[in-house]
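Dropping target.cif in here (mmCIF, C-alpha atoms):
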```
data_protein
loop_
_atom_site.label_atom_id
_atom_site.label_comp_id
_atom_site.auth_asym_id
_atom_site.auth_seq_id
_atom_site.Cartn_x
_atom_site.Cartn_y
_atom_site.Cartn_z
CA MET A 1 254.66 200.93 80.10
CA LEU A 2 251.05 201.45 79.10
CA LEU A 3 250.70 205.04 77.98
CA HIS A 4 246.93 205.26 77.56
CA PRO A 5 245.97 204.68 81.24
CA THR A 6 248.63 207.14 82.35
CA LEU A 7 247.27 209.79 79.96
CA GLU A 8 243.74 209.15 81.22
CA LYS A 9 244.88 209.55 84.83
CA LEU A 10 246.66 212.81 84.02
CA THR A 11 243.55 214.13 82.28
CA THR A 12 241.31 213.01 85.15
CA MET A 13 243.59 214.78 87.61
CA ARG A 14 243.37 217.91 85.39
CA PHE A 15 246.97 217.78 84.25
CA SER A 16 246.08 218.23 80.58
CA GLY A 17 249.33 220.11 79.90
CA MET A 18 251.41 217.26 81.28
CA ALA A 19 249.36 214.73 79.28
CA ALA A 20 249.98 216.65 76.04
CA ALA A 21 253.68 217.03 76.86
CA LEU A 22 253.98 213.32 77.64
CA GLU A 23 252.41 212.44 74.31
CA GLU A 24 254.87 214.77 72.58
CA GLN A 25 257.79 213.24 74.48
CA MET A 26 256.75 209.72 73.47
CA LYS A 27 256.83 210.74 69.79
CA MET A 28 260.33 212.19 70.09
CA ASP A 29 263.45 210.31 69.02
CA GLY A 30 266.33 210.01 71.47
CA LEU A 31 264.04 210.10 74.46
CA ASN A 32 266.20 207.57 76.34
CA ASP A 33 269.11 210.03 76.34
CA ILE A 34 267.19 212.37 78.65
CA GLY A 35 267.17 211.53 82.35
CA PHE A 36 264.01 211.04 84.37
CA GLU A 37 264.45 214.29 86.31
CA GLU A 38 264.87 216.30 83.12
CA ARG A 39 261.80 214.72 81.52
CA LEU A 40 259.76 215.33 84.64
CA GLY A 41 260.96 218.94 84.69
CA LEU A 42 259.90 219.38 81.06
CA LEU A 43 256.47 217.93 81.84
CA LEU A 44 256.03 220.26 84.82
CA ASP A 45 257.21 223.31 82.84
CA HIS A 46 254.68 222.53 80.11
CA GLU A 47 251.86 222.09 82.64
CA GLN A 48 252.74 225.39 84.31
CA ALA A 49 252.79 227.20 80.95
CA VAL A 50 249.41 225.74 79.97
CA ARG A 51 247.85 226.78 83.29
CA GLU A 52 249.26 230.31 83.13
CA THR A 53 248.01 230.71 79.56
CA ARG A 54 244.56 229.50 80.63
CA ARG A 55 244.52 231.97 83.55
CA LEU A 56 245.55 234.84 81.27
CA LYS A 57 242.83 234.00 78.76
CA THR A 58 240.28 233.91 81.57
CA ARG A 59 241.42 237.28 82.94
CA LEU A 60 241.27 238.83 79.45
CA ARG A 61 237.82 237.36 78.79
CA LYS A 62 236.48 238.63 82.13
CA ALA A 63 238.02 242.07 81.55
CA LYS A 64 235.78 242.55 78.47
CA LEU A 65 238.24 244.93 76.85
CA ARG A 66 236.79 246.99 74.02
CA GLN A 67 239.98 247.09 71.99
CA ASP A 68 242.80 244.63 71.54
CA GLY A 69 245.70 246.90 72.34
CA SER A 70 248.95 246.38 74.14
CA VAL A 71 251.52 248.73 75.63
CA GLU A 72 254.04 247.46 73.09
CA ASP A 73 251.77 248.68 70.24
CA ILE A 74 251.67 252.32 71.40
CA ASP A 75 253.05 254.61 68.70
CA PHE A 76 255.08 257.42 70.27
CA ARG A 77 255.88 259.05 66.91
CA HIS A 78 252.33 260.40 66.59
CA PRO A 79 252.11 263.93 68.07
CA ARG A 80 249.73 263.22 70.96
CA GLY A 81 251.89 264.57 73.74
CA LEU A 82 252.64 261.17 75.25
CA ASP A 83 255.64 260.98 77.51
CA LYS A 84 257.35 257.69 76.62
CA SER A 85 259.12 257.36 79.97
CA LEU A 86 255.83 257.90 81.85
CA VAL A 87 253.99 255.33 79.73
CA LEU A 88 256.78 252.79 80.26
CA ARG A 89 256.78 253.49 84.00
CA LEU A 90 253.00 253.02 84.12
CA SER A 91 253.29 249.78 82.16
CA ASP A 92 255.09 248.09 85.06
CA CYS A 93 251.74 248.22 86.97
CA GLN A 94 253.34 249.42 90.20
CA TRP A 95 250.66 252.10 90.37
CA ILE A 96 248.03 249.34 90.63
CA LYS A 97 249.96 247.64 93.44
CA ASP A 98 250.14 251.00 95.24
CA HIS A 99 246.35 251.45 94.83
CA ASN A 100 246.75 254.66 92.83
CA ASN A 101 244.40 255.98 90.17
CA LEU A 102 245.11 256.86 86.56
CA ILE A 103 243.10 259.41 84.60
CA ILE A 104 243.71 259.70 80.87
CA THR A 105 242.48 262.96 79.34
CA GLY A 106 242.67 264.51 75.91
CA PRO A 107 240.66 265.55 72.89
CA THR A 108 238.46 263.15 70.95
CA GLY A 109 240.27 260.66 68.74
CA VAL A 110 243.75 260.73 70.25
CA GLY A 111 243.58 257.18 71.61
CA LYS A 112 242.50 257.45 75.24
CA SER A 113 240.43 254.25 75.00
CA PHE A 114 243.31 252.46 73.29
CA LEU A 115 245.71 253.51 76.05
CA ALA A 116 243.25 252.40 78.72
CA CYS A 117 242.82 249.01 77.04
CA ALA A 118 246.58 248.68 76.61
CA PHE A 119 247.19 249.31 80.32
CA ALA A 120 244.34 246.95 81.21
CA GLN A 121 245.75 244.21 78.99
CA LYS A 122 249.18 244.67 80.57
CA ALA A 123 247.56 244.43 84.02
CA CYS A 124 245.93 241.15 82.97
CA ARG A 125 249.31 239.84 81.84
CA GLU A 126 250.77 240.84 85.22
CA GLY A 127 248.08 238.83 87.01
CA PHE A 128 245.62 241.56 88.02
CA ASN A 129 241.86 241.11 87.73
CA THR A 130 240.61 243.81 85.40
CA LEU A 131 237.20 245.06 84.34
CA TYR A 132 236.48 247.47 81.49
CA LEU A 133 233.19 249.40 81.60
CA ARG A 134 231.71 252.04 79.34
CA MET A 135 230.21 254.80 81.48
CA THR A 136 226.86 254.75 79.65
CA LYS A 137 226.54 251.00 80.22
CA LEU A 138 227.68 251.39 83.84
CA PHE A 139 224.97 253.96 84.65
CA GLU A 140 222.38 251.84 82.91
CA ASP A 141 223.44 248.71 84.80
CA LEU A 142 223.46 250.54 88.13
CA SER A 143 219.95 251.93 87.69
CA LEU A 144 218.62 248.52 86.60
CA ALA A 145 220.40 246.81 89.49
CA LYS A 146 218.81 249.18 91.99
CA GLY A 147 215.41 248.27 90.62
CA ASP A 148 215.81 244.50 90.62
CA GLY A 149 217.72 244.13 93.90
CA ARG A 150 221.18 243.17 92.70
CA TYR A 151 222.81 246.55 93.34
CA LEU A 152 225.07 245.32 96.16
CA LYS A 153 226.06 242.25 94.14
CA LEU A 154 227.02 244.47 91.20
CA LEU A 155 229.06 246.79 93.41
CA THR A 156 230.77 243.76 94.98
CA SER A 157 231.74 242.49 91.54
CA PHE A 158 233.26 245.90 90.74
CA ALA A 159 235.16 245.87 94.05
CA LYS A 160 236.75 242.50 93.23
CA ALA A 161 238.59 244.01 90.28
CA ASP A 162 242.16 245.13 90.91
CA LEU A 163 241.83 247.55 88.00
CA LEU A 164 238.53 249.12 87.01
CA VAL A 165 238.65 250.95 83.67
CA LEU A 166 235.84 253.47 83.22
CA ASP A 167 235.60 254.79 79.67
#
```
This entry written out as structure tokens:
Amino acid sequence: MLLHPTLEKLTTMRFSGMAAALEEQMKMDGLNDIGFEERLGLLLDHEQAVRETRRLKTRLRKAKLRQDGSVEDIDFRHPRGLDKSLVLRLSDCQWIKDHNNLIITGPTGVGKSFLACAFAQKACREGFNTLYLRMTKLFEDLSLAKGDGRYLKLLTSFAKADLLVLD
């Protein structure tokens, strides 16, 4: 079997994950012990993982999160008044599916922005389109958009987000 044309076809068809997995399989010893169905399953699993990783990276890039925080990094030992059970319940993103709002309040420096970014990152991992905006930048963008005629386009882009974080 000629491997190079097959790899080119996979790449042309945008199956880069399968092409990489096939190259890895060809370098493995004992490849003949694995049946065709199992090898095909491994190729498909690798392709699916590559595509999901690419989608997650795209969602995170488009979200423009200010901080790189995750729900798993939240420190509940610090006396901020966080209810661990509430944070864990919010981290399942059911509130986003139910179209509910979340307002995080507290004094300066307690980690409101970190919590918002952590929930936004979790939403991205769950497959939601997320957008993080600083309020000062938002007001500036809205006033400029009104002046140059792209106000409706800007509002439409905000409406496409499943989760809009305003900080």
Residues in the PyMOL selection byres ((chain A and resi 114) around 9), expressed as a list in words: Arg66, Gln67, Asp68, Gly69, Ser70, Ile74, Val110, Gly111, Lys112, Ser113, Leu115, Ala116, Cys117, Ala118 and Phe119 of chain A
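If you look at CA of Ser157 in chain A and CA of Leu88 in chain A, they are 29.3 Å away from each other.
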All residues 12 Å or closer to His99 in chain A, all atoms listed in the file, same chain fewer than 6 positions away omitted, as a PDB file with C-alpha atoms, in the frame of the given file:
```pdb
ATOM      1  CA  CYS A  93     251.740 248.220  86.970  1.00  0.00           C
ATOM      2  CA  ALA A 161     238.590 244.010  90.280  1.00  0.00           C
ATOM      3  CA  ASP A 162     242.160 245.130  90.910  1.00  0.00           C
ATOM      4  CA  LEU A 163     241.830 247.550  88.000  1.00  0.00           C
ATOM      5  CA  LEU A 164     238.530 249.120  87.010  1.00  0.00           C
TER       6      LEU A 164
END
```
Expected residue set, 10 Å radius at (239.0, 241.8, 81.1), all atoms listed in the file, as a PyMOL selection string: chain A and resi 56-66+117+120-121+123-124+128-133+161+163-165
Near range 3-8 of chain A, 10 Å: range 16-121 of chain A residue rows, closest pairs, all atoms listed in the file, as CSV:
```
residue,atom,partner,partner_atom,distance
A:Ser16,CA,A:Leu7,CA,8.5
A:Met18,CA,A:Leu7,CA,8.6
A:Ala19,CA,A:Leu7,CA,5.4
A:Ala20,CA,A:Leu7,CA,8.4
A:Leu22,CA,A:Leu7,CA,7.9
A:Glu23,CA,A:Leu7,CA,8.1
A:Met26,CA,A:Leu3,CA,8.9
```
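In this structure, CA of Lys122 in chain A sits 6.7 Å away from CA of Ser91 in chain A.
Distances to Gly109 in chain A were evaluated for A:Leu86, A:Asp73, A:Arg80, A:Ala49 using only C-alpha atoms, and the minimum falls at A:Arg80.
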